>>> print(open('upload.pdb').read())   # PDB, C-alpha atoms
ATOM      1  CA  MET Z   1      39.183  -4.526  23.708
ATOM      2  CA  ASN Z   2      40.912  -1.166  24.213
ATOM      3  CA  HIS Z   3      38.001   1.232  23.704
ATOM      4  CA  PHE Z   4      40.330   4.226  23.229
ATOM      5  CA  SER Z   5      42.126   2.342  20.461
ATOM      6  CA  PHE Z   6      38.736   1.632  18.869
ATOM      7  CA  VAL Z   7      37.872   5.351  18.903
ATOM      8  CA  SER Z   8      41.229   6.294  17.356
ATOM      9  CA  ASP Z   9      40.693   3.625  14.680
ATOM     10  CA  ILE Z  10      37.324   4.941  13.531
ATOM     11  CA  LEU Z  11      38.033   8.675  13.981
ATOM     12  CA  PRO Z  12      39.646   9.058  10.506
ATOM     13  CA  PHE Z  13      36.531   7.540   8.925
ATOM     14  CA  ILE Z  14      34.226   9.853  10.885
ATOM     15  CA  LYS Z  15      36.240  12.871   9.710
ATOM     16  CA  LYS Z  16      36.297  11.575   6.126
ATOM     17  CA  TYR Z  17      32.566  10.888   5.872
ATOM     18  CA  TYR Z  18      31.087  13.834   7.774
ATOM     19  CA  GLY Z  19      28.707  15.592   5.371
ATOM     20  CA  CYS Z  20      28.952  12.816   2.755
ATOM     21  CA  THR Z  21      25.950  11.200   1.053
ATOM     22  CA  PHE Z  22      25.389   7.423   1.174
ATOM     23  CA  VAL Z  23      22.655   5.618  -0.751
ATOM     24  CA  ILE Z  24      21.899   2.272   0.905
ATOM     25  CA  LYS Z  25      19.801  -0.458  -0.695
ATOM     26  CA  TYR Z  26      18.202  -2.758   1.851
ATOM     27  CA  GLY Z  27      16.492  -6.031   0.963
ATOM     28  CA  GLY Z  28      16.690  -9.811   1.058
ATOM     29  CA  SER Z  29      16.895 -11.993   4.162
ATOM     30  CA  ALA Z  30      18.161  -9.116   6.291
ATOM     31  CA  MET Z  31      14.649  -7.642   6.076
ATOM     32  CA  GLN Z  32      12.823 -10.825   7.122
ATOM     33  CA  ASP Z  33      14.532 -11.290  10.493
ATOM     34  CA  LYS Z  34      12.872  -8.654  12.715
ATOM     35  CA  SER Z  35      15.753  -8.608  15.206
ATOM     36  CA  LEU Z  36      18.315  -8.132  12.431
ATOM     37  CA  GLN Z  37      16.100  -5.519  10.774
ATOM     38  CA  ALA Z  38      16.087  -3.437  13.967
ATOM     39  CA  LYS Z  39      19.897  -3.687  14.180
ATOM     40  CA  VAL Z  40      20.374  -2.638  10.545
ATOM     41  CA  ILE Z  41      18.199   0.442  11.099
ATOM     42  CA  ALA Z  42      20.080   1.227  14.337
ATOM     43  CA  ASP Z  43      23.400   1.031  12.421
ATOM     44  CA  ILE Z  44      22.035   3.397   9.763
ATOM     45  CA  CYS Z  45      20.983   5.753  12.569
ATOM     46  CA  LEU Z  46      24.535   5.679  13.945
ATOM     47  CA  LEU Z  47      25.879   6.744  10.544
ATOM     48  CA  TYR Z  48      23.237   9.484  10.453
ATOM     49  CA  PHE Z  49      24.333  10.769  13.880
ATOM     50  CA  LEU Z  50      27.945  10.845  12.596
ATOM     51  CA  GLY Z  51      26.843  13.496  10.106
ATOM     52  CA  ILE Z  52      26.341  11.291   7.033
ATOM     53  CA  LYS Z  53      23.377  12.022   4.758
ATOM     54  CA  ILE Z  54      21.493   8.764   4.190
ATOM     55  CA  ILE Z  55      19.003   7.722   1.516
ATOM     56  CA  LEU Z  56      17.509   4.275   2.099
ATOM     57  CA  VAL Z  57      16.030   2.358  -0.838
ATOM     58  CA  HIS Z  58      14.258  -0.885   0.006
ATOM     59  CA  GLY Z  59      12.927  -3.973  -1.686
ATOM     60  CA  GLY Z  60      10.603  -6.521  -0.121
ATOM     61  CA  GLY Z  61      10.280  -9.501  -2.436
ATOM     62  CA  PRO Z  62       9.635 -12.125   0.282
ATOM     63  CA  PHE Z  63       6.823 -10.014   1.772
ATOM     64  CA  ILE Z  64       5.258  -9.598  -1.673
ATOM     65  CA  ASN Z  65       5.365 -13.368  -2.176
ATOM     66  CA  ASP Z  66       3.709 -13.938   1.218
ATOM     67  CA  TRP Z  67       0.768 -11.719   0.258
ATOM     68  CA  LEU Z  68       0.467 -13.184  -3.217
ATOM     69  CA  PHE Z  69       0.167 -16.666  -1.673
ATOM     70  CA  LYS Z  70      -2.468 -15.388   0.777
ATOM     71  CA  LEU Z  71      -4.494 -14.172  -2.201
ATOM     72  CA  ASN Z  72      -3.936 -17.373  -4.201
ATOM     73  CA  ILE Z  73      -1.734 -15.677  -6.785
ATOM     74  CA  LYS Z  74       1.355 -17.669  -7.720
ATOM     75  CA  PRO Z  75       4.567 -15.553  -7.898
ATOM     76  CA  GLN Z  76       6.217 -15.920 -11.298
ATOM     77  CA  PHE Z  77       9.746 -15.037 -12.357
ATOM     78  CA  GLU Z  78      11.569 -14.982 -15.674
ATOM     79  CA  GLN Z  79      15.388 -14.645 -15.677
ATOM     80  CA  GLY Z  80      15.243 -13.376 -12.102
ATOM     81  CA  ILE Z  81      12.669 -10.659 -12.896
ATOM     82  CA  ARG Z  82       9.207 -10.792 -11.327
ATOM     83  CA  ILE Z  83       6.437 -11.120 -13.898
ATOM     84  CA  THR Z  84       4.135  -8.327 -12.775
ATOM     85  CA  ASP Z  85       0.606  -8.319 -14.188
ATOM     86  CA  GLN Z  86      -2.082  -5.851 -13.091
ATOM     87  CA  ASP Z  87      -3.214  -7.926 -10.086
ATOM     88  CA  THR Z  88       0.358  -8.546  -8.947
ATOM     89  CA  MET Z  89       1.238  -4.858  -9.365
ATOM     90  CA  GLN Z  90      -1.535  -3.862  -6.960
ATOM     91  CA  ILE Z  91      -0.122  -6.253  -4.331
ATOM     92  CA  VAL Z  92       3.452  -5.045  -4.963
ATOM     93  CA  GLU Z  93       2.426  -1.436  -4.395
ATOM     94  CA  MET Z  94       0.311  -2.249  -1.353
ATOM     95  CA  VAL Z  95       3.099  -4.260   0.313
ATOM     96  CA  LEU Z  96       6.105  -2.069  -0.570
ATOM     97  CA  VAL Z  97       4.528   1.371  -0.174
ATOM     98  CA  GLY Z  98       1.869   0.704   2.444
ATOM     99  CA  LYS Z  99       3.498  -1.906   4.668
ATOM    100  CA  VAL Z 100       7.279  -2.342   4.347
ATOM    101  CA  ASN Z 101       8.001   1.360   3.825
ATOM    102  CA  LYS Z 102       6.005   2.501   6.843
ATOM    103  CA  GLU Z 103       7.461  -0.216   9.084
ATOM    104  CA  LEU Z 104      10.960   1.058   8.265
ATOM    105  CA  VAL Z 105       9.909   4.657   8.961
ATOM    106  CA  SER Z 106       8.537   3.493  12.334
ATOM    107  CA  LEU Z 107      11.889   1.889  13.188
ATOM    108  CA  PHE Z 108      13.639   5.200  12.513
ATOM    109  CA  ASN Z 109      11.064   6.918  14.747
ATOM    110  CA  GLN Z 110      12.009   4.538  17.585
ATOM    111  CA  ASN Z 111      15.624   5.706  17.211
ATOM    112  CA  ASN Z 112      14.593   9.387  17.304
ATOM    113  CA  VAL Z 113      15.597   9.872  13.674
ATOM    114  CA  LEU Z 114      13.204  11.719  11.388
ATOM    115  CA  SER Z 115      12.525   9.932   8.121
ATOM    116  CA  VAL Z 116       9.987  10.329   5.333
ATOM    117  CA  GLY Z 117       8.567   7.380   3.404
ATOM    118  CA  LEU Z 118       8.369   7.859  -0.354
ATOM    119  CA  SER Z 119       7.726   5.867  -3.482
ATOM    120  CA  GLY Z 120       8.978   6.788  -6.930
ATOM    121  CA  LYS Z 121       5.582   8.413  -7.528
ATOM    122  CA  ASP Z 122       5.994  11.091  -4.856
ATOM    123  CA  ALA Z 123       6.981  14.501  -6.248
ATOM    124  CA  ASN Z 124       7.689  12.751  -9.582
ATOM    125  CA  LEU Z 125      10.812  11.304  -7.993
ATOM    126  CA  ILE Z 126      11.109   8.563 -10.641
ATOM    127  CA  ILE Z 127       9.534   8.586 -14.103
ATOM    128  CA  SER Z 128       9.491   5.133 -15.641
ATOM    129  CA  SER Z 129       8.425   3.242 -18.742
ATOM    130  CA  PRO Z 130       7.988  -0.471 -19.590
ATOM    131  CA  LEU Z 131      11.131  -2.591 -19.472
ATOM    132  CA  PHE Z 132       9.547  -4.911 -22.023
ATOM    133  CA  ALA Z 133       7.957  -3.318 -25.084
ATOM    134  CA  ASN Z 134       4.520  -4.552 -26.184
ATOM    135  CA  SER Z 135       4.045  -6.512 -22.955
ATOM    136  CA  ASN Z 136       1.534  -6.608 -20.103
ATOM    137  CA  ASN Z 137       4.431  -7.120 -17.676
ATOM    138  CA  LEU Z 138       4.471  -4.017 -15.471
ATOM    139  CA  VAL Z 139       8.190  -4.171 -14.747
ATOM    140  CA  GLY Z 140       9.645  -0.741 -15.385
ATOM    141  CA  LYS Z 141      12.892   0.911 -16.325
ATOM    142  CA  ILE Z 142      13.912   4.333 -15.093
ATOM    143  CA  ASP Z 143      13.711   7.215 -17.567
ATOM    144  CA  SER Z 144      14.517  10.055 -15.173
ATOM    145  CA  VAL Z 145      15.102  10.894 -11.525
ATOM    146  CA  ASN Z 146      13.928  14.209 -10.107
ATOM    147  CA  ASN Z 147      15.910  14.488  -6.891
ATOM    148  CA  GLN Z 148      14.521  17.876  -5.811
ATOM    149  CA  ILE Z 149      12.427  16.303  -3.035
ATOM    150  CA  LEU Z 150      15.502  14.361  -1.846
ATOM    151  CA  GLU Z 151      17.621  17.535  -1.706
ATOM    152  CA  ILE Z 152      14.914  19.262   0.353
ATOM    153  CA  LEU Z 153      14.666  16.358   2.805
ATOM    154  CA  LEU Z 154      18.437  15.865   3.143
ATOM    155  CA  SER Z 155      19.106  19.572   3.700
ATOM    156  CA  ASN Z 156      16.578  19.458   6.562
ATOM    157  CA  ASN Z 157      18.147  16.348   8.137
ATOM    158  CA  TYR Z 158      15.465  13.831   7.157
ATOM    159  CA  ILE Z 159      16.249  10.341   5.868
ATOM    160  CA  PRO Z 160      14.274   9.571   2.681
ATOM    161  CA  VAL Z 161      13.030   5.948   2.735
ATOM    162  CA  ILE Z 162      12.155   4.958  -0.826
ATOM    163  CA  SER Z 163      10.147   2.016  -2.173
ATOM    164  CA  SER Z 164      10.816   0.875  -5.729
ATOM    165  CA  VAL Z 165       7.396   1.629  -7.255
ATOM    166  CA  SER Z 166       6.966   4.436  -9.774
ATOM    167  CA  SER Z 167       4.721   5.690 -12.533
ATOM    168  CA  SER Z 168       5.048   6.641 -16.186
ATOM    169  CA  LEU Z 169       4.081   9.874 -17.924
ATOM    170  CA  ASP Z 170       0.762   8.220 -18.867
ATOM    171  CA  ASN Z 171       0.107   7.356 -15.192
ATOM    172  CA  LYS Z 172       0.765   3.599 -15.312
ATOM    173  CA  THR Z 173       2.338   2.063 -12.219
ATOM    174  CA  TYR Z 174       5.553   0.042 -12.573
ATOM    175  CA  ASN Z 175       7.587  -2.266 -10.345
ATOM    176  CA  ILE Z 176      11.304  -1.500 -10.585
ATOM    177  CA  ASN Z 177      14.273  -3.508  -9.341
ATOM    178  CA  ALA Z 178      15.338  -1.907  -6.031
ATOM    179  CA  ASP Z 179      19.064  -2.200  -6.886
ATOM    180  CA  THR Z 180      18.374  -0.231 -10.071
ATOM    181  CA  VAL Z 181      16.466   2.437  -8.132
ATOM    182  CA  ALA Z 182      19.307   2.781  -5.601
ATOM    183  CA  GLY Z 183      21.925   3.031  -8.364
ATOM    184  CA  SER Z 184      19.964   5.655 -10.305
ATOM    185  CA  ILE Z 185      19.331   7.774  -7.207
ATOM    186  CA  ALA Z 186      23.007   7.541  -6.207
ATOM    187  CA  ALA Z 187      23.961   8.640  -9.734
ATOM    188  CA  SER Z 188      21.519  11.558  -9.731
ATOM    189  CA  LEU Z 189      22.854  12.815  -6.390
ATOM    190  CA  LYS Z 190      26.507  12.016  -7.254
ATOM    191  CA  ALA Z 191      26.588  10.230  -3.897
ATOM    192  CA  ASP Z 192      29.847   9.390  -2.163
ATOM    193  CA  LYS Z 193      28.829   5.745  -1.691
ATOM    194  CA  LEU Z 194      26.281   3.286  -3.022
ATOM    195  CA  ILE Z 195      25.963   0.297  -0.670
ATOM    196  CA  LEU Z 196      23.926  -2.785  -1.581
ATOM    197  CA  LEU Z 197      22.953  -5.001   1.364
ATOM    198  CA  THR Z 198      22.481  -8.466  -0.127
ATOM    199  CA  ASP Z 199      22.255 -12.170   0.741
ATOM    200  CA  THR Z 200      25.850 -12.863  -0.272
ATOM    201  CA  PRO Z 201      29.240 -11.816   1.175
ATOM    202  CA  GLY Z 202      30.032  -9.989  -2.067
ATOM    203  CA  ILE Z 203      31.749 -10.950  -5.319
ATOM    204  CA  MET Z 204      33.485 -14.316  -4.922
ATOM    205  CA  TYR Z 205      35.613 -16.501  -7.191
ATOM    206  CA  ASP Z 206      33.558 -19.441  -5.876
ATOM    207  CA  ILE Z 207      30.006 -18.600  -4.780
ATOM    208  CA  ASN Z 208      30.057 -21.557  -2.381
ATOM    209  CA  ASP Z 209      33.243 -20.459  -0.597
ATOM    210  CA  SER Z 210      33.179 -17.136   1.270
ATOM    211  CA  SER Z 211      36.980 -17.270   1.675
ATOM    212  CA  THR Z 212      37.219 -16.462  -2.066
ATOM    213  CA  LEU Z 213      35.653 -13.027  -1.516
ATOM    214  CA  ILE Z 214      37.192 -10.298  -3.688
ATOM    215  CA  LYS Z 215      37.340  -7.134  -1.596
ATOM    216  CA  ASN Z 216      38.769  -4.627  -4.075
ATOM    217  CA  LEU Z 217      37.737  -4.292  -7.707
ATOM    218  CA  ASN Z 218      37.682  -1.733 -10.471
ATOM    219  CA  ILE Z 219      35.528  -1.657 -13.594
ATOM    220  CA  SER Z 220      38.090  -3.350 -15.841
ATOM    221  CA  PHE Z 221      38.559  -6.192 -13.309
ATOM    222  CA  VAL Z 222      34.774  -6.598 -13.094
ATOM    223  CA  LYS Z 223      34.577  -6.841 -16.896
ATOM    224  CA  LYS Z 224      37.245  -9.566 -16.854
ATOM    225  CA  LEU Z 225      35.372 -11.518 -14.143
ATOM    226  CA  ARG Z 226      32.161 -11.333 -16.173
ATOM    227  CA  GLU Z 227      33.948 -12.708 -19.232
ATOM    228  CA  GLN Z 228      35.242 -15.564 -17.063
ATOM    229  CA  LEU Z 229      31.667 -16.130 -15.747
ATOM    230  CA  VAL Z 230      32.859 -15.543 -12.173
ATOM    231  CA  ILE Z 231      30.177 -12.844 -12.027
ATOM    232  CA  SER Z 232      26.922 -14.424 -13.172
ATOM    233  CA  GLY Z 233      23.243 -14.856 -12.353
ATOM    234  CA  GLY Z 234      21.766 -12.487  -9.778
ATOM    235  CA  MET Z 235      25.095 -10.729  -9.244
ATOM    236  CA  ILE Z 236      25.039  -9.296 -12.796
ATOM    237  CA  PRO Z 237      22.304  -6.645 -12.252
ATOM    238  CA  LYS Z 238      23.902  -5.628  -8.945
ATOM    239  CA  VAL Z 239      27.290  -5.121 -10.586
ATOM    240  CA  GLU Z 240      25.713  -3.321 -13.551
ATOM    241  CA  CYS Z 241      23.978  -0.806 -11.316
ATOM    242  CA  CYS Z 242      27.278  -0.234  -9.448
ATOM    243  CA  ILE Z 243      29.124   0.426 -12.708
ATOM    244  CA  LYS Z 244      26.436   2.806 -13.945
ATOM    245  CA  ALA Z 245      26.653   4.723 -10.660
ATOM    246  CA  LEU Z 246      30.465   4.921 -10.826
ATOM    247  CA  LYS Z 247      30.286   6.294 -14.372
ATOM    248  CA  SER Z 248      27.964   9.005 -13.009
ATOM    249  CA  ASN Z 249      30.549  10.188 -10.457
ATOM    250  CA  VAL Z 250      29.553   8.068  -7.463
ATOM    251  CA  LYS Z 251      32.908   7.637  -5.719
ATOM    252  CA  SER Z 252      32.626   4.011  -4.564
ATOM    253  CA  THR Z 253      30.116   1.169  -4.618
ATOM    254  CA  HIS Z 254      29.866  -1.718  -2.180
ATOM    255  CA  ILE Z 255      28.176  -5.133  -2.213
ATOM    256  CA  ILE Z 256      27.981  -6.553   1.312
ATOM    257  CA  ASP Z 257      26.207  -9.272   3.282
ATOM    258  CA  GLY Z 258      23.197  -7.761   5.045
ATOM    259  CA  ARG Z 259      22.720 -10.976   7.034
ATOM    260  CA  VAL Z 260      25.878 -10.312   9.074
ATOM    261  CA  GLU Z 261      25.260  -8.174  12.156
ATOM    262  CA  HIS Z 262      26.756  -4.679  11.806
ATOM    263  CA  SER Z 263      28.091  -5.450   8.306
ATOM    264  CA  LEU Z 264      27.337  -1.868   7.296
ATOM    265  CA  LEU Z 265      29.541  -0.486  10.077
ATOM    266  CA  TYR Z 266      32.342  -2.955   9.347
ATOM    267  CA  GLU Z 267      32.283  -1.919   5.691
ATOM    268  CA  VAL Z 268      32.490   1.840   6.184
ATOM    269  CA  LEU Z 269      34.256   2.253   9.543
ATOM    270  CA  THR Z 270      37.086  -0.315   9.388
ATOM    271  CA  LEU Z 271      40.186  -0.647   7.209
ATOM    272  CA  ASP Z 272      39.644  -4.368   6.533
ATOM    273  CA  ARG Z 273      35.987  -3.908   5.489
ATOM    274  CA  ILE Z 274      33.692  -6.906   5.043
ATOM    275  CA  GLY Z 275      32.401  -6.952   1.450
ATOM    276  CA  SER Z 276      33.331  -6.100  -2.135
ATOM    277  CA  MET Z 277      34.140  -2.521  -3.101
ATOM    278  CA  ILE Z 278      34.068  -1.470  -6.756
ATOM    279  CA  ILE Z 279      35.663   1.796  -7.868
ATOM    280  CA  LEU Z 280      36.445   3.293 -11.277
TER
END
>>> encode(input="upload.pdb", output="structure tokens")
Amino acid sequence: MNHFSFVSDILPFIKKYYGCTFVIKYGGSAMQDKSLQAKVIADICLLYFLGIKIILVHGGGPFINDWLFKLNIKPQFEQGIRITDQDTMQIVEMVLVGKVNKELVSLFNQNNVLSVGLSGKDANLIISSPLFANSNNLVGKIDSVNNQILEILLSNNYIPVISSVSSSLDNKTYNINADTVAGSIAASLKADKLILLTDTPGIMYDINDSSTLIKNLNISFVKKLREQLVISGGMIPKVECCIKALKSNVKSTHIIDGRVEHSLLYEVLTLDRIGSMIIL
């Protein structure tokens, strides 16, 4: 490889993105592999050192399931949404806020990058309410985002690392889909990019054939693909949060495969990219 050619290839992207704000959602299998996890955080640190303001939102479903099994609580899902009763909610908060969040902060520390771990509760970052009315299911929807704490951290060169737990005005704790949290935070900040690291290459005509990946989409094309049932199942909430962000002046949204080493860098620092990009 001609290293000077490589530098000249990525220089336009570095110039373009300096000072920009990226919201990155990190979850799925890419979190379970410790070696891959360290590489993902190192890639985020590289973007940070290129002058990009980063907000990292994380999930942690597999880790929650591990702890539920240890405590003899069976994980339950309905239409892809975790059924979260009071006992489960305590485990969700313990695992996401107390374990996963702090492990990610520690990885940033190892790369000499200052980060601050937050949940939606901190500084009233996210106010939520029940997703299901008249239900004991503590799955929440987002009513408002107060990004003042994020602005303070970003302006002082910290990376906010956010877990998807929040509380309501009456002090109940809710579990919120991490994609939804990332999309809402990107919208509130009018971020330049929202990037979802997932367990799939992106939006594909055939979910079993990665060669059918669709790299460039706009909202009207996405609507057409939904009508044709090309976009279905677990991809629907991801696409919905991208569309909501775009309608709130986020410039571009990306769905990429977090299992591929350096996928984040390929997506933002190369012309070919690696995943699906949705724009207005």
>>> residues_around(input="upload.pdb", residues="range 113-122 of chain Z", least_positions_apart="5", cutoff="10 Å", atoms="only C-alpha atoms", output="compact mmCIF listing (two decimals) with C-alpha atoms, in the coordinates of the input")
# COMPACT_ATOMS: atom_id res chain seq x y z
CA ALA Z 42 20.08 1.23 14.34
CA ILE Z 44 22.04 3.40 9.76
CA CYS Z 45 20.98 5.75 12.57
CA LEU Z 46 24.54 5.68 13.94
CA TYR Z 48 23.24 9.48 10.45
CA PHE Z 49 24.33 10.77 13.88
CA ILE Z 54 21.49 8.76 4.19
CA ILE Z 55 19.00 7.72 1.52
CA LEU Z 56 17.51 4.28 2.10
CA VAL Z 57 16.03 2.36 -0.84
CA GLU Z 93 2.43 -1.44 -4.39
CA LEU Z 96 6.10 -2.07 -0.57
CA VAL Z 97 4.53 1.37 -0.17
CA GLY Z 98 1.87 0.70 2.44
CA VAL Z 100 7.28 -2.34 4.35
CA ASN Z 101 8.00 1.36 3.82
CA LYS Z 102 6.00 2.50 6.84
CA GLU Z 103 7.46 -0.22 9.08
CA LEU Z 104 10.96 1.06 8.26
CA VAL Z 105 9.91 4.66 8.96
CA SER Z 106 8.54 3.49 12.33
CA LEU Z 107 11.89 1.89 13.19
CA PHE Z 108 13.64 5.20 12.51
CA ILE Z 127 9.53 8.59 -14.10
CA SER Z 128 9.49 5.13 -15.64
CA ILE Z 142 13.91 4.33 -15.09
CA VAL Z 145 15.10 10.89 -11.52
CA ASN Z 146 13.93 14.21 -10.11
CA ILE Z 149 12.43 16.30 -3.04
CA LEU Z 150 15.50 14.36 -1.85
CA LEU Z 153 14.67 16.36 2.80
CA LEU Z 154 18.44 15.86 3.14
CA ASN Z 156 16.58 19.46 6.56
CA ASN Z 157 18.15 16.35 8.14
CA TYR Z 158 15.46 13.83 7.16
CA ILE Z 159 16.25 10.34 5.87
CA PRO Z 160 14.27 9.57 2.68
CA VAL Z 161 13.03 5.95 2.74
CA ILE Z 162 12.16 4.96 -0.83
CA SER Z 163 10.15 2.02 -2.17
CA SER Z 164 10.82 0.88 -5.73
CA VAL Z 165 7.40 1.63 -7.26
CA SER Z 166 6.97 4.44 -9.77
CA SER Z 167 4.72 5.69 -12.53
CA SER Z 168 5.05 6.64 -16.19
CA ASN Z 171 0.11 7.36 -15.19
CA THR Z 173 2.34 2.06 -12.22
CA TYR Z 174 5.55 0.04 -12.57
CA ASN Z 175 7.59 -2.27 -10.34
CA ILE Z 176 11.30 -1.50 -10.58
CA VAL Z 181 16.47 2.44 -8.13
>>> atom_distance(input="upload.pdb", atom1="CA of Ile243 in chain Z", atom2="CA of Pro75 in chain Z")
29.7 Å
>>> closest_residue(input="upload.pdb", among="Z:Asn147, Z:Asn249, Z:Ser29, Z:Asn216", to="Ala187 in chain Z", atoms="all atoms listed in the file")
Z:Asn249
>>> residues_near_point(input="upload.pdb", point="(18.2, 8.0, -12.8)", cutoff="6 Å", atoms="all atoms listed in the file", output="number ranges by chain")
Z: 144-145, 184-185, 188
>>> atom_distance(input="upload.pdb", atom1="CA of Asp272 in chain Z", atom2="CA of Gly60 in chain Z")
29.9 Å
>>> resolve_selection(input="upload.pdb", expression="the PyMOL selection byres ((chain Z and resi 21-28) around 7)", output="CSV table (one decimal) with C-alpha atoms, keeping the file's coordinate frame")
chain,number,residue,atom,x,y,z
Z,19,GLY,CA,28.7,15.6,5.4
Z,20,CYS,CA,29.0,12.8,2.8
Z,29,SER,CA,16.9,-12.0,4.2
Z,30,ALA,CA,18.2,-9.1,6.3
Z,31,MET,CA,14.6,-7.6,6.1
Z,52,ILE,CA,26.3,11.3,7.0
Z,53,LYS,CA,23.4,12.0,4.8
Z,54,ILE,CA,21.5,8.8,4.2
Z,55,ILE,CA,19.0,7.7,1.5
Z,56,LEU,CA,17.5,4.3,2.1
Z,57,VAL,CA,16.0,2.4,-0.8
Z,58,HIS,CA,14.3,-0.9,0.0
Z,59,GLY,CA,12.9,-4.0,-1.7
Z,60,GLY,CA,10.6,-6.5,-0.1
Z,179,ASP,CA,19.1,-2.2,-6.9
Z,182,ALA,CA,19.3,2.8,-5.6
Z,186,ALA,CA,23.0,7.5,-6.2
Z,191,ALA,CA,26.6,10.2,-3.9
Z,192,ASP,CA,29.8,9.4,-2.2
Z,193,LYS,CA,28.8,5.7,-1.7
Z,194,LEU,CA,26.3,3.3,-3.0
Z,195,ILE,CA,26.0,0.3,-0.7
Z,196,LEU,CA,23.9,-2.8,-1.6
Z,197,LEU,CA,23.0,-5.0,1.4
Z,198,THR,CA,22.5,-8.5,-0.1
Z,199,ASP,CA,22.3,-12.2,0.7
>>> residues_around(input="upload.pdb", residues="Ile256 in chain Z", least_positions_apart="3", cutoff="9 Å", atoms="all atoms listed in the file", output="list in words")
Ile195, Leu196, Leu197, Thr198, Asp199, Thr200, Pro201, Gly202, Ile203, Arg259, Val260, Ser263, Leu264, Glu267, Ile274, Gly275, Ser276 and Met277 of chain Z
>>> atom_distance(input="upload.pdb", atom1="CA of Tyr205 in chain Z", atom2="CA of Ile231 in chain Z")
8.1 Å
>>> resolve_selection(input="upload.pdb", expression="the PyMOL selection byres ((chain Z and resi 280) around 6)", output="NGL selection string")
:Z and (218-219 or 279)
>>> axis_aligned_box(input="upload.pdb", around="range 131-136 of chain Z", padding_each_side="5 Å", output="AutoDock Vina command-line options")
--center_x 6.3 --center_y -4.6 --center_z -22.8 --size_x 19.6 --size_y 14.0 --size_z 16.7
>>> residues_around(input="upload.pdb", residues="Gln86 in chain Z", least_positions_apart="5", cutoff="10 Å", atoms="all atoms listed in the file", output="PyMOL selection string")
chain Z and resi 91-92+136-138+173-174
>>> residues_around(input="upload.pdb", residues="range 12-18 of chain Z", least_positions_apart="4", cutoff="8 Å", atoms="all atoms listed in the file", output="list in words")
Ser8, Leu50, Gly51, Ile52, Val268, Leu269 and Thr270 of chain Z
>>> closest_residue(input="upload.pdb", among="Z:Ile126, Z:Ile207, Z:Val139, Z:Ile278", to="Lys247 in chain Z", atoms="all atoms listed in the file")
Z:Ile278
>>> residues_near_point(input="upload.pdb", point="(28.1, 0.0, -8.0)", cutoff="8 Å", atoms="only C-alpha atoms", output="list of chain:residue names")
Z:Gly183, Z:Leu194, Z:Ile195, Z:Lys238, Z:Val239, Z:Glu240, Z:Cys241, Z:Cys242, Z:Ile243, Z:Lys244, Z:Ala245, Z:Leu246, Z:Ser252, Z:Thr253, Z:His254, Z:Ile255, Z:Ile278, Z:Ile279
>>> closest_residue(input="upload.pdb", among="Z:Met204, Z:Leu225, Z:Ile81, Z:Ile64", to="Pro237 in chain Z", atoms="all atoms listed in the file")
Z:Ile81
>>> residues_around(input="upload.pdb", residues="His262 in chain Z", least_positions_apart="2", cutoff="8 Å", atoms="only C-alpha atoms", output="list in words")
Lys39, Val40, Asp43, Val260, Leu264, Leu265 and Tyr266 of chain Z
>>> build_atoms(input="upload.pdb", residues="range 65-75 of chain Z", atoms="N, CA and C atoms", output="CSV table (one decimal), in the frame of the given file")
chain,number,residue,atom,x,y,z
Z,65,ASN,N,5.7,-12.0,-1.9
Z,65,ASN,CA,5.4,-13.4,-2.2
Z,65,ASN,C,4.4,-13.9,-1.1
Z,66,ASP,N,4.6,-13.5,0.1
Z,66,ASP,CA,3.7,-13.9,1.2
Z,66,ASP,C,2.3,-13.5,0.9
Z,67,TRP,N,2.1,-12.2,0.5
Z,67,TRP,CA,0.8,-11.7,0.3
Z,67,TRP,C,0.2,-12.3,-1.0
Z,68,LEU,N,1.0,-12.6,-2.0
Z,68,LEU,CA,0.5,-13.2,-3.2
Z,68,LEU,C,-0.1,-14.6,-2.9
Z,69,PHE,N,0.6,-15.3,-2.1
Z,69,PHE,CA,0.2,-16.7,-1.7
Z,69,PHE,C,-1.1,-16.6,-0.9
Z,70,LYS,N,-1.2,-15.6,0.0
Z,70,LYS,CA,-2.5,-15.4,0.8
Z,70,LYS,C,-3.7,-15.1,-0.1
Z,71,LEU,N,-3.4,-14.5,-1.3
Z,71,LEU,CA,-4.5,-14.2,-2.2
Z,71,LEU,C,-4.6,-15.2,-3.4
Z,72,ASN,N,-3.9,-16.3,-3.2
Z,72,ASN,CA,-3.9,-17.4,-4.2
Z,72,ASN,C,-3.4,-16.9,-5.6
Z,73,ILE,N,-2.4,-16.1,-5.5
Z,73,ILE,CA,-1.7,-15.7,-6.8
Z,73,ILE,C,-0.3,-16.2,-6.7
Z,74,LYS,N,0.0,-17.0,-7.7
Z,74,LYS,CA,1.4,-17.7,-7.7
Z,74,LYS,C,2.4,-16.7,-8.2
Z,75,PRO,N,3.5,-16.4,-7.4
Z,75,PRO,CA,4.6,-15.6,-7.9
Z,75,PRO,C,5.3,-16.2,-9.1
